[in-house]
Amino acid sequence: MKKFAIVISGCGVYDGAEIHEALTSMLAVSRKGHRYRMFAPDIPQHHVINHLTGEEMPEKRNVLVESARIARGDIKDLAAFDPSQYDALLFVGGFGAVKNLSDFAFTGENYSVIEPVAKAIRAMHRAGKPIGAMCVSPVLLADAIEGVELTVGVPCDASEAAGKHGAKHRTTTHGEVTVDRKNRVATTPCYMLDATLAQVADGADHIVDELLKLM
C-alpha cells in the first residue's frame, strides 16, 4: 500500500482548490487501494471570491482552515510535510494554486512559489519520489524543478510562463498525462481545458496510475 500526499489551496475554484479535482484525486487513490493525507499551507488566503457572483468579498480566510472543509478536518500544515513518510506528492489545481501557493495570477511569468511548496517539491525530487500536478498547478513544478517536462493542456499564459522558468510544455487533451520520467513528474490538464466532471475524473485516475508506475 502506497501513501500519497495531496496538496490543496483552499476551498473553491476561484480563490482556492478546485473541489472536483481534489475529490476525484482522493477517490482515485482510495479506489486503487492506497492511502492519502491532505496538506495545505497555514497562511492567509489572498482574497475571498463570491462563487455565485464572481465578486471579491470583504472577508479574510485561512488556506488551511478552508482546505479542512474538503478534507473533513483531517489535514496537516504543509510546513510539517515529511517526504520520508510518503511515496508521492500530488498538487490539485484551482486558482488557489496561482493565488495562494504562488503569485502567478498577479505577476505572470515573474512568479514564484511560496517556501513550503518549493521545499516539499524539492525534497521529493531529491529523494527520487514522484510528483504530480493537475490543471494549472504544474506551474509550481516549473519554478522548483529545472527543465521539467509538463502539460497544462494547450499553449496559454500558464504554459508560456512555465517555459520562461525552463519547463518544456507538451500539448495534451482530456484525460491525458504527460510523464517526465527523468524527473519523475506527471501532469494532466483537467479544467485548464473545457472539461466535464467525467473527463476530470479520468485525468485524476490516469495521473494516479502514472505516479504509481513512477514509484
# chains A, B, ... in the order shown; residues from 1 in each chain; ligands from 1

$ closest_atom_pairs --of "segment 105-152 of chain A" --to "segment 179-187 of chain A" --cutoff "8 Å" --atoms "only C-alpha atoms" --output "Markdown table"
| residue | atom | partner | partner_atom | distance |
| --- | --- | --- | --- | --- |
| A:His125 | CA | A:Asn183 | CA | 7.1 |
| A:Gly128 | CA | A:Arg184 | CA | 7.1 |
| A:Lys129 | CA | A:Arg184 | CA | 6.8 |
| A:Pro130 | CA | A:Arg184 | CA | 4.7 |
| A:Ile131 | CA | A:Val185 | CA | 4.9 |
| A:Gly132 | CA | A:Ala186 | CA | 4.7 |
| A:Ala133 | CA | A:Thr187 | CA | 4.9 |
| A:Met134 | CA | A:Thr187 | CA | 5.7 |
| A:Cys135 | CA | A:Thr187 | CA | 7.9 |
| A:Pro138 | CA | A:Thr187 | CA | 6.6 |
| A:Val148 | CA | A:Asn183 | CA | 6.7 |
| A:Glu149 | CA | A:Asp180 | CA | 5.4 |
| A:Leu150 | CA | A:Thr187 | CA | 5.8 |
| A:Thr151 | CA | A:Thr187 | CA | 5.8 |
| A:Val152 | CA | A:Thr187 | CA | 7.5 |

$ select_by_dssp --residues "segment 7-214 of chain A" --states "alpha helix (DSSP H)" --output "PDB file with N, CA and C atoms, in the first residue's frame"
ATOM      1  N   ILE A  19     -12.489  21.888  -6.251  1.00  0.00           N
ATOM      2  CA  ILE A  19     -13.038  20.825  -5.418  1.00  0.00           C
ATOM      3  C   ILE A  19     -13.206  19.521  -6.182  1.00  0.00           C
ATOM      4  N   HIS A  20     -13.664  19.572  -7.430  1.00  0.00           N
ATOM      5  CA  HIS A  20     -13.833  18.348  -8.212  1.00  0.00           C
ATOM      6  C   HIS A  20     -12.503  17.633  -8.399  1.00  0.00           C
ATOM      7  N   GLU A  21     -11.460  18.397  -8.680  1.00  0.00           N
ATOM      8  CA  GLU A  21     -10.139  17.789  -8.861  1.00  0.00           C
ATOM      9  C   GLU A  21      -9.631  17.185  -7.555  1.00  0.00           C
ATOM     10  N   ALA A  22      -9.874  17.860  -6.450  1.00  0.00           N
ATOM     11  CA  ALA A  22      -9.452  17.338  -5.157  1.00  0.00           C
ATOM     12  C   ALA A  22     -10.157  16.021  -4.846  1.00  0.00           C
ATOM     13  N   LEU A  23     -11.468  16.007  -5.008  1.00  0.00           N
ATOM     14  CA  LEU A  23     -12.232  14.817  -4.643  1.00  0.00           C
ATOM     15  C   LEU A  23     -11.953  13.639  -5.566  1.00  0.00           C
ATOM     16  N   THR A  24     -11.830  13.897  -6.869  1.00  0.00           N
ATOM     17  CA  THR A  24     -11.553  12.793  -7.784  1.00  0.00           C
ATOM     18  C   THR A  24     -10.148  12.236  -7.561  1.00  0.00           C
ATOM     19  N   SER A  25      -9.220  13.070  -7.131  1.00  0.00           N
ATOM     20  CA  SER A  25      -7.874  12.588  -6.799  1.00  0.00           C
ATOM     21  C   SER A  25      -7.916  11.685  -5.574  1.00  0.00           C
ATOM     22  N   MET A  26      -8.612  12.143  -4.550  1.00  0.00           N
ATOM     23  CA  MET A  26      -8.748  11.343  -3.339  1.00  0.00           C
ATOM     24  C   MET A  26      -9.421  10.004  -3.654  1.00  0.00           C
ATOM     25  N   LEU A  27     -10.453  10.063  -4.465  1.00  0.00           N
ATOM     26  CA  LEU A  27     -11.195   8.853  -4.821  1.00  0.00           C
ATOM     27  C   LEU A  27     -10.325   7.890  -5.630  1.00  0.00           C
ATOM     28  N   ALA A  28      -9.545   8.433  -6.570  1.00  0.00           N
ATOM     29  CA  ALA A  28      -8.684   7.585  -7.394  1.00  0.00           C
ATOM     30  C   ALA A  28      -7.668   6.838  -6.538  1.00  0.00           C
ATOM     31  N   VAL A  29      -7.045   7.540  -5.601  1.00  0.00           N
ATOM     32  CA  VAL A  29      -6.070   6.893  -4.723  1.00  0.00           C
ATOM     33  C   VAL A  29      -6.741   5.812  -3.885  1.00  0.00           C
ATOM     34  N   SER A  30      -7.892   6.135  -3.312  1.00  0.00           N
ATOM     35  CA  SER A  30      -8.594   5.205  -2.433  1.00  0.00           C
ATOM     36  C   SER A  30      -9.078   3.972  -3.189  1.00  0.00           C
ATOM     37  N   ARG A  31      -9.632   4.168  -4.376  1.00  0.00           N
ATOM     38  CA  ARG A  31     -10.164   3.035  -5.147  1.00  0.00           C
ATOM     39  C   ARG A  31      -9.070   2.084  -5.616  1.00  0.00           C
ATOM     40  N   VAL A  63      -6.004  29.575   4.450  1.00  0.00           N
ATOM     41  CA  VAL A  63      -5.957  28.498   3.459  1.00  0.00           C
ATOM     42  C   VAL A  63      -6.109  27.127   4.108  1.00  0.00           C
ATOM     43  N   LEU A  64      -5.426  26.887   5.218  1.00  0.00           N
ATOM     44  CA  LEU A  64      -5.525  25.590   5.881  1.00  0.00           C
ATOM     45  C   LEU A  64      -6.928  25.350   6.431  1.00  0.00           C
ATOM     46  N   VAL A  65      -7.509  26.361   7.037  1.00  0.00           N
ATOM     47  CA  VAL A  65      -8.857  26.235   7.607  1.00  0.00           C
ATOM     48  C   VAL A  65      -9.882  25.962   6.507  1.00  0.00           C
ATOM     49  N   GLU A  66      -9.774  26.679   5.396  1.00  0.00           N
ATOM     50  CA  GLU A  66     -10.710  26.464   4.287  1.00  0.00           C
ATOM     51  C   GLU A  66     -10.495  25.092   3.646  1.00  0.00           C
ATOM     52  N   SER A  67      -9.237  24.674   3.531  1.00  0.00           N
ATOM     53  CA  SER A  67      -8.937  23.364   2.947  1.00  0.00           C
ATOM     54  C   SER A  67      -9.494  22.229   3.796  1.00  0.00           C
ATOM     55  N   ALA A  68      -9.570  22.460   5.100  1.00  0.00           N
ATOM     56  CA  ALA A  68     -10.096  21.443   6.006  1.00  0.00           C
ATOM     57  C   ALA A  68     -11.544  21.093   5.694  1.00  0.00           C
ATOM     58  N   ARG A  69     -12.264  21.985   5.008  1.00  0.00           N
ATOM     59  CA  ARG A  69     -13.635  21.679   4.590  1.00  0.00           C
ATOM     60  C   ARG A  69     -13.646  20.480   3.640  1.00  0.00           C
ATOM     61  N   ILE A  70     -12.706  20.478   2.693  1.00  0.00           N
ATOM     62  CA  ILE A  70     -12.633  19.392   1.723  1.00  0.00           C
ATOM     63  C   ILE A  70     -12.126  18.115   2.383  1.00  0.00           C
ATOM     64  N   GLY A  96      -6.388  28.822  -6.404  1.00  0.00           N
ATOM     65  CA  GLY A  96      -5.572  28.872  -5.196  1.00  0.00           C
ATOM     66  C   GLY A  96      -4.127  28.504  -5.455  1.00  0.00           C
ATOM     67  N   ALA A  97      -3.888  27.651  -6.465  1.00  0.00           N
ATOM     68  CA  ALA A  97      -2.518  27.274  -6.802  1.00  0.00           C
ATOM     69  C   ALA A  97      -1.714  28.464  -7.298  1.00  0.00           C
ATOM     70  N   VAL A  98      -2.403  29.419  -7.928  1.00  0.00           N
ATOM     71  CA  VAL A  98      -1.703  30.577  -8.502  1.00  0.00           C
ATOM     72  C   VAL A  98      -1.998  31.875  -7.755  1.00  0.00           C
ATOM     73  N   LYS A  99      -2.758  31.776  -6.667  1.00  0.00           N
ATOM     74  CA  LYS A  99      -3.012  32.937  -5.816  1.00  0.00           C
ATOM     75  C   LYS A  99      -2.471  32.740  -4.404  1.00  0.00           C
ATOM     76  N   PHE A 104       1.536  33.586  -9.377  1.00  0.00           N
ATOM     77  CA  PHE A 104       1.447  33.613 -10.833  1.00  0.00           C
ATOM     78  C   PHE A 104       0.259  34.435 -11.328  1.00  0.00           C
ATOM     79  N   ALA A 105      -0.876  34.357 -10.646  1.00  0.00           N
ATOM     80  CA  ALA A 105      -2.078  35.075 -11.085  1.00  0.00           C
ATOM     81  C   ALA A 105      -1.874  36.585 -11.099  1.00  0.00           C
ATOM     82  N   PHE A 106      -0.887  37.069 -10.356  1.00  0.00           N
ATOM     83  CA  PHE A 106      -0.702  38.509 -10.219  1.00  0.00           C
ATOM     84  C   PHE A 106       0.582  39.024 -10.873  1.00  0.00           C
ATOM     85  N   THR A 107       1.571  38.155 -11.007  1.00  0.00           N
ATOM     86  CA  THR A 107       2.856  38.609 -11.542  1.00  0.00           C
ATOM     87  C   THR A 107       3.222  37.976 -12.876  1.00  0.00           C
ATOM     88  N   GLU A 115       7.427  29.282   0.034  1.00  0.00           N
ATOM     89  CA  GLU A 115       8.504  28.421   0.529  1.00  0.00           C
ATOM     90  C   GLU A 115       8.045  27.003   0.893  1.00  0.00           C
ATOM     91  N   PRO A 116       6.914  26.809   1.609  1.00  0.00           N
ATOM     92  CA  PRO A 116       6.534  25.427   1.935  1.00  0.00           C
ATOM     93  C   PRO A 116       6.299  24.566   0.698  1.00  0.00           C
ATOM     94  N   VAL A 117       5.790  25.165  -0.372  1.00  0.00           N
ATOM     95  CA  VAL A 117       5.566  24.433  -1.619  1.00  0.00           C
ATOM     96  C   VAL A 117       6.893  24.078  -2.266  1.00  0.00           C
ATOM     97  N   ALA A 118       7.770  25.067  -2.406  1.00  0.00           N
ATOM     98  CA  ALA A 118       9.082  24.822  -3.011  1.00  0.00           C
ATOM     99  C   ALA A 118       9.860  23.782  -2.219  1.00  0.00           C
ATOM    100  N   LYS A 119       9.807  23.856  -0.906  1.00  0.00           N
ATOM    101  CA  LYS A 119      10.528  22.923  -0.045  1.00  0.00           C
ATOM    102  C   LYS A 119      10.024  21.500  -0.240  1.00  0.00           C
ATOM    103  N   ALA A 120       8.690  21.328  -0.307  1.00  0.00           N
ATOM    104  CA  ALA A 120       8.104  19.991  -0.481  1.00  0.00           C
ATOM    105  C   ALA A 120       8.476  19.404  -1.830  1.00  0.00           C
ATOM    106  N   ILE A 121       8.380  20.204  -2.883  1.00  0.00           N
ATOM    107  CA  ILE A 121       8.710  19.731  -4.229  1.00  0.00           C
ATOM    108  C   ILE A 121      10.174  19.329  -4.309  1.00  0.00           C
ATOM    109  N   ARG A 122      11.051  20.180  -3.843  1.00  0.00           N
ATOM    110  CA  ARG A 122      12.480  19.902  -3.954  1.00  0.00           C
ATOM    111  C   ARG A 122      12.897  18.706  -3.102  1.00  0.00           C
ATOM    112  N   ALA A 123      12.269  18.543  -1.953  1.00  0.00           N
ATOM    113  CA  ALA A 123      12.600  17.405  -1.096  1.00  0.00           C
ATOM    114  C   ALA A 123      12.196  16.089  -1.753  1.00  0.00           C
ATOM    115  N   MET A 124      11.012  16.052  -2.351  1.00  0.00           N
ATOM    116  CA  MET A 124      10.573  14.839  -3.038  1.00  0.00           C
ATOM    117  C   MET A 124      11.438  14.575  -4.266  1.00  0.00           C
ATOM    118  N   HIS A 125      11.782  15.639  -4.978  1.00  0.00           N
ATOM    119  CA  HIS A 125      12.620  15.486  -6.176  1.00  0.00           C
ATOM    120  C   HIS A 125      13.994  14.939  -5.802  1.00  0.00           C
ATOM    121  N   ARG A 126      14.591  15.462  -4.751  1.00  0.00           N
ATOM    122  CA  ARG A 126      15.893  14.965  -4.297  1.00  0.00           C
ATOM    123  C   ARG A 126      15.819  13.502  -3.882  1.00  0.00           C
ATOM    124  N   PRO A 138       0.830  22.653 -12.461  1.00  0.00           N
ATOM    125  CA  PRO A 138       2.183  22.366 -12.969  1.00  0.00           C
ATOM    126  C   PRO A 138       3.116  23.579 -12.992  1.00  0.00           C
ATOM    127  N   VAL A 139       2.567  24.796 -13.004  1.00  0.00           N
ATOM    128  CA  VAL A 139       3.464  25.963 -12.960  1.00  0.00           C
ATOM    129  C   VAL A 139       4.286  25.973 -11.679  1.00  0.00           C
ATOM    130  N   LEU A 140       3.767  25.349 -10.617  1.00  0.00           N
ATOM    131  CA  LEU A 140       4.522  25.273  -9.362  1.00  0.00           C
ATOM    132  C   LEU A 140       5.794  24.452  -9.565  1.00  0.00           C
ATOM    133  N   LEU A 141       5.683  23.380 -10.337  1.00  0.00           N
ATOM    134  CA  LEU A 141       6.825  22.499 -10.580  1.00  0.00           C
ATOM    135  C   LEU A 141       7.862  23.178 -11.458  1.00  0.00           C
ATOM    136  N   ALA A 142       7.393  23.983 -12.413  1.00  0.00           N
ATOM    137  CA  ALA A 142       8.316  24.669 -13.323  1.00  0.00           C
ATOM    138  C   ALA A 142       9.260  25.581 -12.565  1.00  0.00           C
ATOM    139  N   ASP A 143       8.775  26.162 -11.480  1.00  0.00           N
ATOM    140  CA  ASP A 143       9.600  27.086 -10.699  1.00  0.00           C
ATOM    141  C   ASP A 143      10.571  26.354  -9.789  1.00  0.00           C
ATOM    142  N   ALA A 144      10.271  25.083  -9.481  1.00  0.00           N
ATOM    143  CA  ALA A 144      11.063  24.365  -8.486  1.00  0.00           C
ATOM    144  C   ALA A 144      11.962  23.275  -9.064  1.00  0.00           C
ATOM    145  N   ASP A 157      -1.142  31.318 -21.346  1.00  0.00           N
ATOM    146  CA  ASP A 157      -0.283  32.135 -20.487  1.00  0.00           C
ATOM    147  C   ASP A 157       0.495  31.275 -19.495  1.00  0.00           C
ATOM    148  N   ALA A 158      -0.169  30.243 -18.957  1.00  0.00           N
ATOM    149  CA  ALA A 158       0.495  29.388 -17.971  1.00  0.00           C
ATOM    150  C   ALA A 158       1.637  28.597 -18.596  1.00  0.00           C
ATOM    151  N   SER A 159       1.414  28.064 -19.797  1.00  0.00           N
ATOM    152  CA  SER A 159       2.482  27.292 -20.453  1.00  0.00           C
ATOM    153  C   SER A 159       3.649  28.200 -20.833  1.00  0.00           C
ATOM    154  N   GLU A 160       3.342  29.427 -21.268  1.00  0.00           N
ATOM    155  CA  GLU A 160       4.401  30.369 -21.616  1.00  0.00           C
ATOM    156  C   GLU A 160       5.224  30.762 -20.389  1.00  0.00           C
ATOM    157  N   ALA A 161       4.541  30.989 -19.275  1.00  0.00           N
ATOM    158  CA  ALA A 161       5.242  31.350 -18.039  1.00  0.00           C
ATOM    159  C   ALA A 161       6.103  30.193 -17.556  1.00  0.00           C
ATOM    160  N   ALA A 162       5.558  28.980 -17.635  1.00  0.00           N
ATOM    161  CA  ALA A 162       6.343  27.810 -17.238  1.00  0.00           C
ATOM    162  C   ALA A 162       7.584  27.692 -18.114  1.00  0.00           C
ATOM    163  N   GLY A 163       7.413  27.988 -19.402  1.00  0.00           N
ATOM    164  CA  GLY A 163       8.548  27.958 -20.322  1.00  0.00           C
ATOM    165  C   GLY A 163       9.615  28.967 -19.948  1.00  0.00           C
ATOM    166  N   LYS A 164       9.203  30.129 -19.481  1.00  0.00           N
ATOM    167  CA  LYS A 164      10.167  31.145 -19.050  1.00  0.00           C
ATOM    168  C   LYS A 164      10.983  30.663 -17.848  1.00  0.00           C
ATOM    169  N   LEU A 197     -16.951  16.830 -15.710  1.00  0.00           N
ATOM    170  CA  LEU A 197     -16.528  16.173 -14.479  1.00  0.00           C
ATOM    171  C   LEU A 197     -15.975  14.783 -14.783  1.00  0.00           C
ATOM    172  N   ALA A 198     -16.597  14.065 -15.704  1.00  0.00           N
ATOM    173  CA  ALA A 198     -16.111  12.733 -16.065  1.00  0.00           C
ATOM    174  C   ALA A 198     -14.698  12.798 -16.635  1.00  0.00           C
ATOM    175  N   GLN A 199     -14.424  13.819 -17.440  1.00  0.00           N
ATOM    176  CA  GLN A 199     -13.081  13.966 -18.014  1.00  0.00           C
ATOM    177  C   GLN A 199     -12.056  14.323 -16.946  1.00  0.00           C
ATOM    178  N   VAL A 200     -12.454  15.141 -15.987  1.00  0.00           N
ATOM    179  CA  VAL A 200     -11.570  15.460 -14.865  1.00  0.00           C
ATOM    180  C   VAL A 200     -11.283  14.197 -14.054  1.00  0.00           C
ATOM    181  N   ALA A 201     -12.305  13.387 -13.828  1.00  0.00           N
ATOM    182  CA  ALA A 201     -12.118  12.134 -13.097  1.00  0.00           C
ATOM    183  C   ALA A 201     -11.171  11.205 -13.840  1.00  0.00           C
ATOM    184  N   ASP A 202     -11.272  11.184 -15.170  1.00  0.00           N
ATOM    185  CA  ASP A 202     -10.330  10.388 -15.970  1.00  0.00           C
ATOM    186  C   ASP A 202      -8.906  10.872 -15.747  1.00  0.00           C
ATOM    187  N   GLY A 203      -8.725  12.199 -15.769  1.00  0.00           N
ATOM    188  CA  GLY A 203      -7.396  12.759 -15.548  1.00  0.00           C
ATOM    189  C   GLY A 203      -6.838  12.378 -14.191  1.00  0.00           C
ATOM    190  N   ALA A 204      -7.685  12.457 -13.155  1.00  0.00           N
ATOM    191  CA  ALA A 204      -7.248  12.098 -11.805  1.00  0.00           C
ATOM    192  C   ALA A 204      -6.868  10.625 -11.733  1.00  0.00           C
ATOM    193  N   ASP A 205      -7.690   9.783 -12.339  1.00  0.00           N
ATOM    194  CA  ASP A 205      -7.438   8.346 -12.334  1.00  0.00           C
ATOM    195  C   ASP A 205      -6.123   8.026 -13.053  1.00  0.00           C
ATOM    196  N   HIS A 206      -5.920   8.657 -14.206  1.00  0.00           N
ATOM    197  CA  HIS A 206      -4.726   8.372 -15.007  1.00  0.00           C
ATOM    198  C   HIS A 206      -3.454   8.904 -14.359  1.00  0.00           C
ATOM    199  N   ILE A 207      -3.531  10.076 -13.730  1.00  0.00           N
ATOM    200  CA  ILE A 207      -2.321  10.620 -13.117  1.00  0.00           C
ATOM    201  C   ILE A 207      -1.906   9.788 -11.908  1.00  0.00           C
ATOM    202  N   VAL A 208      -2.868   9.282 -11.163  1.00  0.00           N
ATOM    203  CA  VAL A 208      -2.530   8.403 -10.042  1.00  0.00           C
ATOM    204  C   VAL A 208      -1.880   7.124 -10.564  1.00  0.00           C
ATOM    205  N   ASP A 209      -2.393   6.577 -11.661  1.00  0.00           N
ATOM    206  CA  ASP A 209      -1.778   5.395 -12.276  1.00  0.00           C
ATOM    207  C   ASP A 209      -0.323   5.663 -12.644  1.00  0.00           C
ATOM    208  N   GLU A 210      -0.077   6.827 -13.255  1.00  0.00           N
ATOM    209  CA  GLU A 210       1.285   7.141 -13.699  1.00  0.00           C
ATOM    210  C   GLU A 210       2.219   7.376 -12.528  1.00  0.00           C
ATOM    211  N   LEU A 211       1.712   7.976 -11.471  1.00  0.00           N
ATOM    212  CA  LEU A 211       2.546   8.171 -10.275  1.00  0.00           C
ATOM    213  C   LEU A 211       2.908   6.822  -9.658  1.00  0.00           C
ATOM    214  N   LEU A 212       1.982   5.885  -9.668  1.00  0.00           N
ATOM    215  CA  LEU A 212       2.277   4.560  -9.148  1.00  0.00           C
ATOM    216  C   LEU A 212       3.352   3.866  -9.989  1.00  0.00           C
ATOM    217  N   LYS A 213       3.293   4.052 -11.292  1.00  0.00           N
ATOM    218  CA  LYS A 213       4.311   3.461 -12.182  1.00  0.00           C
ATOM    219  C   LYS A 213       5.691   4.072 -11.933  1.00  0.00           C
ATOM    220  N   LEU A 214       5.716   5.343 -11.535  1.00  0.00           N
ATOM    221  CA  LEU A 214       6.991   6.037 -11.317  1.00  0.00           C
ATOM    222  C   LEU A 214       7.625   5.704  -9.981  1.00  0.00           C
TER     223      LEU A 214
END

$ select_by_dssp --residues "segment 22-152 of chain A" --states "strand (DSSP E or B)" --output "NGL selection string"
:A and (35-40 or 44 or 48-49 or 56-57 or 62 or 75-77 or 88-91 or 102 or 113 or 131-134 or 149-152)

$ write_last_selection --atoms "N, CA and C atoms" --output "short mmCIF file (atom, residue, chain, number, x, y, z; two decimals), in the first residue's frame"
data_model
loop_
_atom_site.label_atom_id
_atom_site.label_comp_id
_atom_site.auth_asym_id
_atom_site.auth_seq_id
_atom_site.Cartn_x
_atom_site.Cartn_y
_atom_site.Cartn_z
N ARG A 35 -3.47 4.92 0.25
CA ARG A 35 -3.87 5.91 1.25
C ARG A 35 -3.41 7.30 0.84
N TYR A 36 -4.06 8.30 1.43
CA TYR A 36 -3.64 9.67 1.17
C TYR A 36 -3.73 10.48 2.46
N ARG A 37 -2.95 11.54 2.48
CA ARG A 37 -3.01 12.54 3.55
C ARG A 37 -3.10 13.89 2.87
N MET A 38 -4.02 14.72 3.32
CA MET A 38 -4.20 16.05 2.76
C MET A 38 -3.30 17.06 3.47
N PHE A 39 -2.78 18.00 2.67
CA PHE A 39 -1.95 19.08 3.19
C PHE A 39 -2.39 20.41 2.59
N ALA A 40 -2.17 21.48 3.33
CA ALA A 40 -2.35 22.85 2.85
C ALA A 40 -1.51 23.77 3.72
N PRO A 44 -2.65 33.12 5.27
CA PRO A 44 -3.86 33.84 4.87
C PRO A 44 -4.18 33.59 3.40
N VAL A 48 -11.05 36.51 -0.94
CA VAL A 48 -12.23 35.64 -0.92
C VAL A 48 -13.15 36.05 -2.06
N ILE A 49 -13.53 35.08 -2.89
CA ILE A 49 -14.41 35.33 -4.03
C ILE A 49 -15.79 34.73 -3.78
N GLU A 56 -15.25 39.93 -5.46
CA GLU A 56 -14.45 39.81 -4.26
C GLU A 56 -15.26 40.24 -3.04
N MET A 57 -15.06 39.53 -1.94
CA MET A 57 -15.82 39.79 -0.73
C MET A 57 -14.92 40.40 0.34
N ASN A 62 -8.34 31.70 6.02
CA ASN A 62 -7.06 31.00 6.12
C ASN A 62 -7.08 29.78 5.20
N ILE A 75 -6.42 17.04 7.99
CA ILE A 75 -5.45 17.71 7.13
C ILE A 75 -4.33 18.26 7.98
N LYS A 76 -3.13 18.37 7.36
CA LYS A 76 -1.97 18.89 8.08
C LYS A 76 -1.41 20.13 7.39
N ASP A 77 -0.71 20.92 8.18
CA ASP A 77 0.02 22.08 7.66
C ASP A 77 1.13 21.60 6.74
N ALA A 88 4.43 9.59 -2.88
CA ALA A 88 4.17 10.52 -3.98
C ALA A 88 3.55 11.79 -3.44
N LEU A 89 3.76 12.87 -4.19
CA LEU A 89 3.21 14.19 -3.85
C LEU A 89 2.35 14.64 -5.03
N LEU A 90 1.12 15.08 -4.75
CA LEU A 90 0.20 15.47 -5.82
C LEU A 90 -0.43 16.82 -5.51
N PHE A 91 -0.32 17.76 -6.47
CA PHE A 91 -0.92 19.08 -6.33
C PHE A 91 -2.20 19.16 -7.14
N SER A 102 1.32 30.25 -5.04
CA SER A 102 2.27 31.06 -5.82
C SER A 102 1.61 32.40 -6.12
N VAL A 113 6.92 30.55 -6.19
CA VAL A 113 6.06 29.76 -5.31
C VAL A 113 6.43 30.04 -3.87
N ILE A 131 6.16 13.15 -8.38
CA ILE A 131 5.37 14.34 -8.09
C ILE A 131 4.36 14.52 -9.21
N GLY A 132 3.11 14.79 -8.86
CA GLY A 132 2.07 15.03 -9.84
C GLY A 132 1.47 16.41 -9.66
N ALA A 133 0.91 16.93 -10.75
CA ALA A 133 0.23 18.23 -10.68
C ALA A 133 -0.88 18.27 -11.70
N MET A 134 -2.02 18.82 -11.30
CA MET A 134 -3.21 18.86 -12.13
C MET A 134 -3.58 20.29 -12.48
N GLU A 149 9.48 18.59 -17.75
CA GLU A 149 8.53 18.45 -18.85
C GLU A 149 7.13 18.31 -18.26
N LEU A 150 6.18 19.10 -18.77
CA LEU A 150 4.85 19.14 -18.16
C LEU A 150 3.78 19.52 -19.18
N THR A 151 2.53 19.49 -18.73
CA THR A 151 1.42 19.96 -19.55
C THR A 151 0.43 20.74 -18.71
N VAL A 152 -0.16 21.76 -19.32
CA VAL A 152 -1.36 22.41 -18.79
C VAL A 152 -2.46 22.35 -19.85
#

$ atom_distance --atom1 "atom CA of Ile145 of chain A" --atom2 "atom CA of Tyr14 of chain A"
26.2 Å

$ atom_distance --atom1 "atom CA of Val136 of chain A" --atom2 "atom CA of Arg61 of chain A"
22.1 Å
